[in-house]
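run.cif, holding mmCIF, C-alpha atoms and all ligand atoms; chains and numbers go by the auth columns:
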data_data
loop_
_atom_site.group_PDB
_atom_site.id
_atom_site.type_symbol
_atom_site.label_atom_id
_atom_site.label_comp_id
_atom_site.label_asym_id
_atom_site.label_seq_id
_atom_site.Cartn_x
_atom_site.Cartn_y
_atom_site.Cartn_z
_atom_site.B_iso_or_equiv
_atom_site.auth_seq_id
_atom_site.auth_asym_id
ATOM 1 C CA MET A 1 22.972 18.970 -41.451 0.00 926 A
ATOM 2 C CA ARG A 2 22.100 16.441 -38.771 0.00 927 A
ATOM 3 C CA ILE A 3 25.006 14.149 -37.861 0.00 928 A
ATOM 4 C CA SER A 4 23.667 12.279 -34.840 0.00 929 A
ATOM 5 C CA ASN A 5 20.888 12.563 -32.249 0.00 930 A
ATOM 6 C CA SER A 6 22.398 15.664 -30.676 0.00 931 A
ATOM 7 C CA ILE A 7 25.043 16.930 -33.123 0.00 932 A
ATOM 8 C CA TYR A 8 24.535 18.988 -36.264 0.00 933 A
ATOM 9 C CA LEU A 9 26.921 20.493 -38.794 0.00 934 A
ATOM 10 C CA ALA A 10 25.856 24.145 -38.871 0.00 935 A
ATOM 11 C CA ALA A 11 28.607 25.429 -41.157 0.00 936 A
ATOM 12 C CA SER A 12 31.333 24.042 -43.360 0.00 937 A
ATOM 13 C CA GLY A 13 33.304 25.755 -46.118 0.00 938 A
ATOM 14 C CA ASP A 14 35.428 24.848 -49.131 0.00 939 A
ATOM 15 C CA MET A 15 37.717 22.599 -47.071 0.00 940 A
ATOM 16 C CA GLY A 16 34.686 20.664 -45.890 0.00 941 A
ATOM 17 C CA PHE A 17 31.142 20.158 -47.125 0.00 942 A
ATOM 18 C CA GLY A 18 30.480 23.506 -48.858 0.00 943 A
ATOM 19 C CA LEU A 19 27.398 24.203 -46.747 0.00 944 A
ATOM 20 C CA THR A 20 28.175 27.850 -45.995 0.00 945 A
ATOM 21 C CA ASP A 21 30.795 30.509 -46.801 0.00 946 A
ATOM 22 C CA GLY A 22 33.910 29.067 -48.427 0.00 947 A
ATOM 23 C CA ALA A 23 36.182 30.264 -45.620 0.00 948 A
ATOM 24 C CA ASP A 24 34.074 28.793 -42.803 0.00 949 A
ATOM 25 C CA CYS A 25 35.477 25.984 -40.691 0.00 950 A
ATOM 26 C CA ASN A 26 33.208 23.156 -39.619 0.00 951 A
ATOM 27 C CA VAL A 27 30.847 24.594 -37.012 0.00 952 A
ATOM 28 C CA TYR A 28 29.149 21.921 -34.918 0.00 953 A
ATOM 29 C CA LEU A 29 25.948 22.539 -33.004 0.00 954 A
ATOM 30 C CA ILE A 30 25.363 20.356 -29.953 0.00 955 A
ATOM 31 C CA ASP A 31 21.917 20.026 -28.469 0.00 956 A
ATOM 32 C CA CYS A 32 22.611 19.932 -24.711 0.00 957 A
ATOM 33 C CA GLY A 33 18.995 19.503 -23.620 0.00 958 A
ATOM 34 C CA ARG A 34 17.703 22.842 -22.413 0.00 959 A
ATOM 35 C CA THR A 35 20.326 24.727 -24.327 0.00 960 A
ATOM 36 C CA LYS A 36 22.511 24.555 -27.439 0.00 961 A
ATOM 37 C CA VAL A 37 26.218 25.041 -27.955 0.00 962 A
ATOM 38 C CA LEU A 38 28.276 25.895 -31.013 0.00 963 A
ATOM 39 C CA ILE A 39 31.773 24.551 -31.424 0.00 964 A
ATOM 40 C CA ASP A 40 33.554 27.392 -33.267 0.00 965 A
ATOM 41 C CA ALA A 41 31.840 30.236 -35.055 0.00 966 A
ATOM 42 C CA GLY A 42 33.019 30.291 -38.683 0.00 967 A
ATOM 43 C CA VAL A 43 34.756 33.200 -40.402 0.00 968 A
ATOM 44 C CA GLY A 44 32.068 35.859 -40.003 0.00 969 A
ATOM 45 C CA ILE A 45 31.712 36.745 -43.698 0.00 970 A
ATOM 46 C CA ASP A 46 28.145 35.461 -44.161 0.00 971 A
ATOM 47 C CA SER A 47 27.059 34.272 -40.723 0.00 972 A
ATOM 48 C CA SER A 48 23.359 34.649 -41.541 0.00 973 A
ATOM 49 C CA ARG A 49 23.805 31.676 -43.871 0.00 974 A
ATOM 50 C CA ILE A 50 24.747 29.634 -40.813 0.00 975 A
ATOM 51 C CA LEU A 51 21.513 30.748 -39.138 0.00 976 A
ATOM 52 C CA ARG A 52 19.552 29.622 -42.209 0.00 977 A
ATOM 53 C CA GLU A 53 21.330 26.271 -42.149 0.00 978 A
ATOM 54 C CA MET A 54 20.199 25.768 -38.549 0.00 979 A
ATOM 55 C CA GLU A 55 16.642 26.760 -39.421 0.00 980 A
ATOM 56 C CA ASN A 56 16.667 24.273 -42.301 0.00 981 A
ATOM 57 C CA ASP A 57 17.448 21.611 -39.715 0.00 982 A
ATOM 58 C CA GLY A 58 14.473 22.735 -37.631 0.00 983 A
ATOM 59 C CA LEU A 59 16.677 24.260 -34.936 0.00 984 A
ATOM 60 C CA SER A 60 16.042 27.472 -33.066 0.00 985 A
ATOM 61 C CA TYR A 61 19.349 29.337 -33.048 0.00 986 A
ATOM 62 C CA ARG A 62 17.974 31.547 -30.265 0.00 987 A
ATOM 63 C CA ASP A 63 18.608 28.616 -27.878 0.00 988 A
ATOM 64 C CA ILE A 64 22.374 28.873 -28.385 0.00 989 A
ATOM 65 C CA SER A 65 23.791 29.851 -25.001 0.00 990 A
ATOM 66 C CA HIS A 66 27.523 29.240 -25.494 0.00 991 A
ATOM 67 C CA ILE A 67 30.164 29.238 -28.219 0.00 992 A
ATOM 68 C CA LEU A 68 33.241 27.130 -27.555 0.00 993 A
ATOM 69 C CA LEU A 69 36.137 28.389 -29.667 0.00 994 A
ATOM 70 C CA THR A 70 38.920 25.900 -30.332 0.00 995 A
ATOM 71 C CA HIS A 71 41.454 28.553 -31.373 0.00 996 A
ATOM 72 C CA HIS A 72 41.800 32.121 -32.563 0.00 997 A
ATOM 73 C CA HIS A 73 42.265 31.608 -36.306 0.00 998 A
ATOM 74 C CA ALA A 74 39.813 33.723 -38.306 0.00 999 A
ATOM 75 C CA ASP A 75 38.003 30.799 -39.976 0.00 1000 A
ATOM 76 C CA HIS A 76 37.045 29.535 -36.471 0.00 1001 A
ATOM 77 C CA ALA A 77 36.715 32.673 -34.339 0.00 1002 A
ATOM 78 C CA GLY A 78 35.969 35.482 -36.819 0.00 1003 A
ATOM 79 C CA GLY A 79 32.210 34.852 -36.594 0.00 1004 A
ATOM 80 C CA ALA A 80 32.014 34.935 -32.778 0.00 1005 A
ATOM 81 C CA ALA A 81 31.236 38.677 -32.630 0.00 1006 A
ATOM 82 C CA PHE A 82 28.206 38.213 -34.917 0.00 1007 A
ATOM 83 C CA PHE A 83 26.659 35.513 -32.692 0.00 1008 A
ATOM 84 C CA LYS A 84 27.488 37.339 -29.475 0.00 1009 A
ATOM 85 C CA GLU A 85 25.840 40.512 -30.754 0.00 1010 A
ATOM 86 C CA LEU A 86 22.753 38.691 -32.005 0.00 1011 A
ATOM 87 C CA LEU A 87 22.253 36.193 -29.188 0.00 1012 A
ATOM 88 C CA GLY A 88 24.242 37.505 -26.230 0.00 1013 A
ATOM 89 C CA CYS A 89 25.816 34.068 -25.885 0.00 1014 A
ATOM 90 C CA THR A 90 28.757 33.277 -23.633 0.00 1015 A
ATOM 91 C CA ILE A 91 32.098 32.968 -25.431 0.00 1016 A
ATOM 92 C CA ILE A 92 34.473 30.308 -24.143 0.00 1017 A
ATOM 93 C CA ALA A 93 37.964 30.410 -25.649 0.00 1018 A
ATOM 94 C CA PRO A 94 41.536 29.312 -24.900 0.00 1019 A
ATOM 95 C CA ALA A 95 43.071 31.584 -22.248 0.00 1020 A
ATOM 96 C CA GLN A 96 46.296 32.019 -24.204 0.00 1021 A
ATOM 97 C CA GLU A 97 44.406 33.319 -27.219 0.00 1022 A
ATOM 98 C CA ALA A 98 41.712 35.400 -25.503 0.00 1023 A
ATOM 99 C CA GLU A 99 43.673 38.626 -25.901 0.00 1024 A
ATOM 100 C CA SER A 100 44.187 38.222 -29.646 0.00 1025 A
ATOM 101 C CA ILE A 101 40.448 37.500 -30.091 0.00 1026 A
ATOM 102 C CA GLU A 102 39.490 40.518 -28.000 0.00 1027 A
ATOM 103 C CA GLU A 103 41.959 42.799 -29.750 0.00 1028 A
ATOM 104 C CA ALA A 104 41.632 41.328 -33.267 0.00 1029 A
ATOM 105 C CA ASN A 105 45.413 41.426 -33.444 0.00 1030 A
ATOM 106 C CA GLU A 106 46.010 40.376 -37.056 0.00 1031 A
ATOM 107 C CA LEU A 107 49.739 39.809 -36.613 0.00 1032 A
ATOM 108 C CA VAL A 108 49.253 37.422 -33.687 0.00 1033 A
ATOM 109 C CA LEU A 109 46.325 35.752 -35.457 0.00 1034 A
ATOM 110 C CA GLY A 110 48.500 35.199 -38.537 0.00 1035 A
ATOM 111 C CA LEU A 111 45.708 36.826 -40.524 0.00 1036 A
ATOM 112 C CA ASP A 112 47.946 39.149 -42.537 0.00 1037 A
ATOM 113 C CA MET A 113 49.882 36.141 -43.850 0.00 1038 A
ATOM 114 C CA ALA A 114 46.769 34.017 -44.416 0.00 1039 A
ATOM 115 C CA ARG A 115 45.114 36.845 -46.359 0.00 1040 A
ATOM 116 C CA ARG A 116 48.201 37.270 -48.538 0.00 1041 A
ATOM 117 C CA ALA A 117 48.179 33.514 -49.149 0.00 1042 A
ATOM 118 C CA GLY A 118 44.603 33.754 -50.444 0.00 1043 A
ATOM 119 C CA TYR A 119 42.749 32.082 -47.593 0.00 1044 A
ATOM 120 C CA TYR A 120 40.554 35.145 -47.026 0.00 1045 A
ATOM 121 C CA PRO A 121 39.251 37.952 -49.267 0.00 1046 A
ATOM 122 C CA GLN A 122 41.535 41.002 -49.395 0.00 1047 A
ATOM 123 C CA ASP A 123 38.898 43.178 -47.699 0.00 1048 A
ATOM 124 C CA TYR A 124 38.242 40.702 -44.877 0.00 1049 A
ATOM 125 C CA SER A 125 38.912 41.826 -41.345 0.00 1050 A
ATOM 126 C CA PHE A 126 38.535 39.974 -38.045 0.00 1051 A
ATOM 127 C CA ARG A 127 35.854 41.384 -35.750 0.00 1052 A
ATOM 128 C CA ALA A 128 37.058 41.602 -32.161 0.00 1053 A
ATOM 129 C CA CYS A 129 34.930 39.701 -29.659 0.00 1054 A
ATOM 130 C CA ARG A 130 34.884 39.705 -25.865 0.00 1055 A
ATOM 131 C CA VAL A 131 35.818 36.359 -24.302 0.00 1056 A
ATOM 132 C CA ASP A 132 33.658 35.617 -21.250 0.00 1057 A
ATOM 133 C CA HIS A 133 35.363 32.467 -20.010 0.00 1058 A
ATOM 134 C CA PRO A 134 39.011 31.765 -20.864 0.00 1059 A
ATOM 135 C CA VAL A 135 39.794 28.043 -20.458 0.00 1060 A
ATOM 136 C CA ARG A 136 42.970 26.035 -20.008 0.00 1061 A
ATOM 137 C CA PRO A 137 43.836 22.374 -20.555 0.00 1062 A
ATOM 138 C CA CYS A 138 42.322 20.139 -17.800 0.00 1063 A
ATOM 139 C CA ASP A 139 39.483 22.591 -17.124 0.00 1064 A
ATOM 140 C CA SER A 140 36.000 21.115 -17.248 0.00 1065 A
ATOM 141 C CA PHE A 141 32.541 22.643 -17.241 0.00 1066 A
ATOM 142 C CA ILE A 142 28.946 21.555 -17.661 0.00 1067 A
ATOM 143 C CA ILE A 143 26.485 23.054 -20.140 0.00 1068 A
ATOM 144 C CA GLY A 144 22.976 21.592 -20.073 0.00 1069 A
ATOM 145 C CA ASN A 145 23.381 17.830 -19.839 0.00 1070 A
ATOM 146 C CA ILE A 146 26.955 17.649 -21.155 0.00 1071 A
ATOM 147 C CA ARG A 147 30.291 17.888 -19.387 0.00 1072 A
ATOM 148 C CA PHE A 148 33.117 19.290 -21.520 0.00 1073 A
ATOM 149 C CA ILE A 149 36.773 18.673 -20.718 0.00 1074 A
ATOM 150 C CA VAL A 150 39.458 20.917 -22.193 0.00 1075 A
ATOM 151 C CA TYR A 151 42.558 19.407 -23.806 0.00 1076 A
ATOM 152 C CA ASP A 152 45.634 21.187 -25.080 0.00 1077 A
ATOM 153 C CA GLY A 153 45.524 21.918 -28.803 0.00 1078 A
ATOM 154 C CA SER A 154 48.589 24.127 -29.014 0.00 1079 A
ATOM 155 C CA GLY A 155 51.057 23.500 -31.810 0.00 1080 A
ATOM 156 C CA HIS A 156 48.622 24.225 -34.609 0.00 1081 A
ATOM 157 C CA SER A 157 48.143 27.649 -33.027 0.00 1082 A
ATOM 158 C CA MET A 158 49.779 29.393 -30.085 0.00 1083 A
ATOM 159 C CA GLY A 159 47.450 28.097 -27.379 0.00 1084 A
ATOM 160 C CA GLY A 160 44.426 26.438 -28.948 0.00 1085 A
ATOM 161 C CA VAL A 161 42.366 23.741 -27.256 0.00 1086 A
ATOM 162 C CA CYS A 162 40.218 20.707 -28.074 0.00 1087 A
ATOM 163 C CA TYR A 163 36.931 19.921 -26.322 0.00 1088 A
ATOM 164 C CA TYR A 164 36.161 16.378 -25.195 0.00 1089 A
ATOM 165 C CA ALA A 165 32.643 15.322 -24.217 0.00 1090 A
ATOM 166 C CA GLU A 166 30.435 12.288 -24.055 0.00 1091 A
ATOM 167 C CA VAL A 167 27.635 13.014 -26.514 0.00 1092 A
ATOM 168 C CA ASP A 168 24.857 10.548 -27.354 0.00 1093 A
ATOM 169 C CA GLY A 169 26.802 7.990 -25.325 0.00 1094 A
ATOM 170 C CA TYR A 170 29.963 8.298 -27.426 0.00 1095 A
ATOM 171 C CA LYS A 171 33.372 9.624 -26.421 0.00 1096 A
ATOM 172 C CA SER A 172 33.637 12.598 -28.737 0.00 1097 A
ATOM 173 C CA LEU A 173 36.511 14.950 -29.486 0.00 1098 A
ATOM 174 C CA PHE A 174 36.009 18.334 -31.108 0.00 1099 A
ATOM 175 C CA ALA A 175 39.556 18.652 -32.316 0.00 1100 A
ATOM 176 C CA GLY A 176 39.718 22.059 -33.987 0.00 1101 A
ATOM 177 C CA ASP A 177 42.595 21.937 -36.483 0.00 1102 A
ATOM 178 C CA LEU A 178 44.830 19.680 -34.399 0.00 1103 A
ATOM 179 C CA ILE A 179 43.900 16.440 -36.171 0.00 1104 A
ATOM 180 C CA SER A 180 41.951 15.838 -39.363 0.00 1105 A
ATOM 181 C CA HIS A 181 40.305 12.732 -40.764 0.00 1106 A
ATOM 182 C CA GLY A 182 42.914 10.300 -42.039 0.00 1107 A
ATOM 183 C CA GLY A 183 45.483 11.304 -39.417 0.00 1108 A
ATOM 184 C CA LEU A 184 46.546 14.593 -40.988 0.00 1109 A
ATOM 185 C CA ILE A 185 47.972 17.510 -39.046 0.00 1110 A
ATOM 186 C CA SER A 186 47.865 21.187 -39.991 0.00 1111 A
ATOM 187 C CA LEU A 187 51.270 22.714 -39.415 0.00 1112 A
ATOM 188 C CA GLN A 188 51.408 26.086 -41.125 0.00 1113 A
ATOM 189 C CA ASN A 189 54.051 28.752 -41.620 0.00 1114 A
ATOM 190 C CA ILE A 190 52.340 31.238 -39.319 0.00 1115 A
ATOM 191 C CA PRO A 191 52.956 32.701 -35.844 0.00 1116 A
ATOM 192 C CA GLY A 192 52.171 30.289 -33.022 0.00 1117 A
ATOM 193 C CA ALA A 193 52.749 27.063 -34.975 0.00 1118 A
ATOM 194 C CA ASP A 194 55.172 24.789 -33.146 0.00 1119 A
ATOM 195 C CA LEU A 195 56.062 21.192 -33.960 0.00 1120 A
ATOM 196 C CA HIS A 196 57.085 20.110 -30.441 0.00 1121 A
ATOM 197 C CA ASN A 197 53.967 21.580 -28.865 0.00 1122 A
ATOM 198 C CA TYR A 198 51.975 19.873 -31.604 0.00 1123 A
ATOM 199 C CA ALA A 199 53.403 16.468 -30.708 0.00 1124 A
ATOM 200 C CA ARG A 200 52.827 17.021 -26.983 0.00 1125 A
ATOM 201 C CA SER A 201 49.193 18.040 -27.555 0.00 1126 A
ATOM 202 C CA VAL A 202 48.424 15.011 -29.706 0.00 1127 A
ATOM 203 C CA GLU A 203 50.212 12.538 -27.436 0.00 1128 A
ATOM 204 C CA ALA A 204 48.048 13.714 -24.508 0.00 1129 A
ATOM 205 C CA LEU A 205 45.026 12.320 -26.384 0.00 1130 A
ATOM 206 C CA GLU A 206 46.496 8.813 -26.576 0.00 1131 A
ATOM 207 C CA ASN A 207 44.426 7.085 -23.882 0.00 1132 A
ATOM 208 C CA LEU A 208 41.147 8.892 -24.451 0.00 1133 A
ATOM 209 C CA GLU A 209 39.745 6.080 -26.633 0.00 1134 A
ATOM 210 C CA VAL A 210 37.946 8.660 -28.752 0.00 1135 A
ATOM 211 C CA GLU A 211 35.062 7.093 -30.649 0.00 1136 A
ATOM 212 C CA ARG A 212 33.822 10.110 -32.580 0.00 1137 A
ATOM 213 C CA LEU A 213 36.219 12.651 -34.041 0.00 1138 A
ATOM 214 C CA PHE A 214 34.923 16.038 -35.156 0.00 1139 A
ATOM 215 C CA PRO A 215 37.705 18.018 -36.879 0.00 1140 A
ATOM 216 C CA GLY A 216 37.610 21.696 -37.768 0.00 1141 A
ATOM 217 C CA HIS A 217 37.655 20.962 -41.493 0.00 1142 A
ATOM 218 C CA GLY A 218 36.833 18.078 -43.789 0.00 1143 A
ATOM 219 C CA CYS A 219 35.244 14.804 -42.859 0.00 1144 A
ATOM 220 C CA PHE A 220 34.268 13.730 -39.346 0.00 1145 A
ATOM 221 C CA SER A 221 34.254 10.163 -38.094 0.00 1146 A
ATOM 222 C CA LEU A 222 31.425 8.481 -36.166 0.00 1147 A
ATOM 223 C CA SER A 223 33.429 5.421 -35.150 0.00 1148 A
ATOM 224 C CA ASN A 224 37.063 4.519 -34.461 0.00 1149 A
ATOM 225 C CA GLY A 225 37.997 8.157 -33.989 0.00 1150 A
ATOM 226 C CA TYR A 226 41.107 7.054 -32.110 0.00 1151 A
ATOM 227 C CA SER A 227 42.511 5.470 -35.308 0.00 1152 A
ATOM 228 C CA HIS A 228 43.053 8.919 -36.844 0.00 1153 A
ATOM 229 C CA ILE A 229 44.682 10.171 -33.659 0.00 1154 A
ATOM 230 C CA ASP A 230 46.873 7.079 -33.369 0.00 1155 A
ATOM 231 C CA LYS A 231 48.291 7.597 -36.869 0.00 1156 A
ATOM 232 C CA VAL A 232 49.538 11.032 -35.858 0.00 1157 A
ATOM 233 C CA ILE A 233 50.909 9.777 -32.535 0.00 1158 A
ATOM 234 C CA LYS A 234 52.766 6.937 -34.268 0.00 1159 A
ATOM 235 C CA ALA A 235 54.484 9.345 -36.665 0.00 1160 A
ATOM 236 C CA PHE A 236 55.501 11.695 -33.860 0.00 1161 A
ATOM 237 C CA LYS A 237 56.774 8.830 -31.690 0.00 1162 A
ATOM 238 C CA SER A 238 59.052 7.672 -34.496 0.00 1163 A
ATOM 239 C CA LEU A 239 60.432 11.248 -34.486 0.00 1164 A
ATOM 240 C CA GLY A 240 58.841 11.908 -37.851 0.00 1165 A
ATOM 241 C CA ILE A 241 56.391 14.552 -38.962 0.00 1166 A
ATOM 242 C CA PRO A 242 52.865 13.304 -39.672 0.00 1167 A
ATOM 243 C CA ARG A 243 51.262 13.990 -43.035 0.00 1168 A
ATOM 244 C CA ASN A 244 50.359 17.652 -43.289 0.00 1169 A
ATOM 245 C CA ALA A 245 47.007 18.836 -44.649 0.00 1170 A
ATOM 246 C CA ILE A 246 48.594 22.019 -46.025 0.00 1171 A
HETATM 247 ZN ZN ZN B . 43.506 26.904 -37.539 0.00 1201 A
#

Output the structure of this file as structure tokens.
Amino acid sequence: MRISNSIYLAASGDMGFGLTDGADCNVYLIDCGRTKVLIDAGVGIDSSRILREMENDGLSYRDISHILLTHHHADHAGGAAFFKELLGCTIIAPAQEAESIEEANELVLGLDMARRAGYYPQDYSFRACRVDHPVRPCDSFIIGNIRFIVYDGSGHSMGGVCYYAEVDGYKSLFAGDLISHGGLISLQNIPGADLHNYARSVEALENLEVERLFPGHGCFSLSNGYSHIDKVIKAFKSLGIPRNAI
């Protein structure tokens, strides 16, 4: 589904637009000129449906050179192995979570708990995937005609990240599960979740003046992205806990 000149929604599950498998997060495809990038990879249950979605949009998925994972949760990173095998693309992921992605460590991923809670089918398992480039907050890199800057996204998960980039002339934040539309957070009872880290990660986004916000689930925003972020910051600054999506 085309969102803007250079951004497409390639996957989105039950907590979003119902384009692809129910457990998929929002997967964004960015056209970076000579090459294409995916933000997150979906759950990996029916990844060929994501390929079909791209083809329906007239996109050649063979041009995808990189996948930027926001964090190691299965609905975001479980599909990375499929794309890497098919396309040989470079996997960029948070350094703190590279090991759990490479080892498919279900306890660290919180997958055993999430499966018990009904978020994934009982027979689902996470496919391990090699991480080519671990990234840390403040890192930046260029793919095609776009420079990406890494921001801390820890708090929702152990060491997740967000990716900031100017796309189509707009300051855009690919926020993973750190912030959702409407100023919701996603603080879950799973390993790696941490309220103080959460607040620190969100407060670091305060002066970014984000125009377009692309969350890992649900609706995205093509203007005033900062207003969703500011709601969360305001709640944390008053020592409260922002509204939780869970
Ligand atoms: Zn998550």

Each residue of range 1111-1165 of chain A with at least one atom at most 8 Å from range 1076-1098 of chain A should appear once, together with its nearest atom pair and the corresponding distance in Å (one decimal); atoms considered: only C-alpha atoms; ordering: chain, then increasing residue number; output as a Markdown table.
| residue | atom | partner | partner_atom | distance |
| --- | --- | --- | --- | --- |
| A:Ser1111 | CA | A:His1081 | CA | 6.2 |
| A:Leu1112 | CA | A:His1081 | CA | 5.7 |
| A:Gln1113 | CA | A:His1081 | CA | 7.3 |
| A:Pro1116 | CA | A:Met1083 | CA | 7.4 |
| A:Gly1117 | CA | A:Met1083 | CA | 3.9 |
| A:Ala1118 | CA | A:His1081 | CA | 5.0 |
| A:Asp1119 | CA | A:Gly1080 | CA | 4.5 |
| A:Leu1120 | CA | A:Gly1080 | CA | 5.9 |
| A:His1121 | CA | A:Gly1080 | CA | 7.1 |
| A:Asn1122 | CA | A:Gly1080 | CA | 4.6 |
| A:Tyr1123 | CA | A:Gly1080 | CA | 3.7 |
| A:Ala1124 | CA | A:Gly1080 | CA | 7.5 |
| A:Ser1126 | CA | A:Asp1077 | CA | 5.4 |
| A:Val1127 | CA | A:Gly1078 | CA | 7.5 |
| A:Ala1129 | CA | A:Asp1077 | CA | 7.9 |
| A:Leu1130 | CA | A:Tyr1076 | CA | 7.9 |
| A:Glu1134 | CA | A:Lys1096 | CA | 7.3 |
| A:Val1135 | CA | A:Lys1096 | CA | 5.2 |
| A:Glu1136 | CA | A:Lys1096 | CA | 5.2 |
| A:Arg1137 | CA | A:Ser1097 | CA | 4.6 |
| A:Leu1138 | CA | A:Leu1098 | CA | 5.1 |
| A:Phe1139 | CA | A:Leu1098 | CA | 6.0 |

task: Could you check which of A:Lys1009, A:Arg1052, A:His996, A:Arg977 is closest to ligand ZN 1201 (chain A), using only C-alpha atoms and all ligand atoms?
output: A:His996

query: Which residues match the PyMOL selection byres (((chain A and resi 982) around 9) and not hetatm) in the file above, as a list in words?
result: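 This file, filtered by the PyMOL selection byres (((chain A and resi 982) around 9) and not hetatm), leaves Met926, Arg927, Tyr933, Ala935, Arg977, Glu978, Met979, Glu980, Asn981, Gly983, Leu984 and Ser985 of chain A.
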
Counting only C-alpha atoms, the residue of A:Asp1000, A:Glu1027, A:Asp965, A:Asp971 that sits nearest Val1056 in chain A: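 Using only C-alpha atoms, Val1056 in chain A sits closest to A:Glu1027.
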
- request: List the residues selected by the PyMOL selection byres (((chain A and resi 1008) around 10) and not hetatm) in the file shown, writing them as an MDAnalysis selection string.
  value: chainID A and resid 963 966 969 972:973 976 986:987 989:992 1004:1007 1009:1016 1054

message: For the provided coordinates, the residues matched by the PyMOL selection byres (((chain A and resi 948-952) around 10) and not hetatm) should be stated as JSON, numbers by chain.
response: {"A": [933, 934, 935, 936, 937, 938, 939, 940, 941, 942, 943, 944, 945, 946, 947, 953, 954, 955, 963, 964, 965, 966, 967, 968, 969, 970, 971, 972, 975, 992, 994, 998, 999, 1000, 1001, 1002, 1003, 1004, 1044, 1045, 1046, 1101, 1102, 1139, 1140, 1141, 1142, 1143, 1144, 1145]}

Where atoms are missing, can you supply N, CA, C and O atoms for range 950-961 of chain A and output the lot as an mmCIF file, in the coordinates of the input?
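File written: out_30.cif
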data_model
loop_
_atom_site.group_PDB
_atom_site.id
_atom_site.type_symbol
_atom_site.label_atom_id
_atom_site.label_comp_id
_atom_site.auth_asym_id
_atom_site.auth_seq_id
_atom_site.Cartn_x
_atom_site.Cartn_y
_atom_site.Cartn_z
ATOM 1 N N CYS A 950 35.076 27.308 -41.183
ATOM 2 C CA CYS A 950 35.477 25.984 -40.691
ATOM 3 C C CYS A 950 34.218 25.149 -40.502
ATOM 4 O O CYS A 950 33.100 25.622 -40.745
ATOM 5 N N ASN A 951 34.373 23.927 -40.060
ATOM 6 C CA ASN A 951 33.208 23.156 -39.619
ATOM 7 C C ASN A 951 32.721 23.750 -38.304
ATOM 8 O O ASN A 951 33.500 23.857 -37.345
ATOM 9 N N VAL A 952 31.461 24.139 -38.262
ATOM 10 C CA VAL A 952 30.847 24.594 -37.012
ATOM 11 C C VAL A 952 29.848 23.520 -36.598
ATOM 12 O O VAL A 952 28.944 23.184 -37.361
ATOM 13 N N TYR A 953 30.054 22.957 -35.415
ATOM 14 C CA TYR A 953 29.149 21.921 -34.918
ATOM 15 C C TYR A 953 28.184 22.522 -33.910
ATOM 16 O O TYR A 953 28.588 23.335 -33.066
ATOM 17 N N LEU A 954 26.934 22.145 -34.004
ATOM 18 C CA LEU A 954 25.948 22.539 -33.004
ATOM 19 C C LEU A 954 25.624 21.310 -32.163
ATOM 20 O O LEU A 954 25.322 20.234 -32.711
ATOM 21 N N ILE A 955 25.710 21.466 -30.849
ATOM 22 C CA ILE A 955 25.363 20.356 -29.953
ATOM 23 C C ILE A 955 24.112 20.731 -29.176
ATOM 24 O O ILE A 955 24.057 21.802 -28.547
ATOM 25 N N ASP A 956 23.144 19.853 -29.242
ATOM 26 C CA ASP A 956 21.917 20.026 -28.469
ATOM 27 C C ASP A 956 22.185 19.467 -27.072
ATOM 28 O O ASP A 956 22.359 18.258 -26.903
ATOM 29 N N CYS A 957 22.271 20.352 -26.078
ATOM 30 C CA CYS A 957 22.611 19.932 -24.711
ATOM 31 C C CYS A 957 21.368 19.844 -23.837
ATOM 32 O O CYS A 957 21.452 20.046 -22.614
ATOM 33 N N GLY A 958 20.219 19.577 -24.425
ATOM 34 C CA GLY A 958 18.995 19.503 -23.620
ATOM 35 C C GLY A 958 18.284 20.843 -23.622
ATOM 36 O O GLY A 958 17.719 21.262 -24.622
ATOM 37 N N ARG A 959 18.397 21.550 -22.499
ATOM 38 C CA ARG A 959 17.703 22.842 -22.413
ATOM 39 C C ARG A 959 18.351 23.908 -23.288
ATOM 40 O O ARG A 959 17.761 24.923 -23.592
ATOM 41 N N THR A 960 19.561 23.678 -23.672
ATOM 42 C CA THR A 960 20.326 24.727 -24.327
ATOM 43 C C THR A 960 21.177 24.142 -25.467
ATOM 44 O O THR A 960 21.311 22.932 -25.572
ATOM 45 N N LYS A 961 21.692 25.023 -26.317
ATOM 46 C CA LYS A 961 22.511 24.555 -27.439
ATOM 47 C C LYS A 961 23.869 25.260 -27.424
ATOM 48 O O LYS A 961 23.986 26.389 -26.962
#
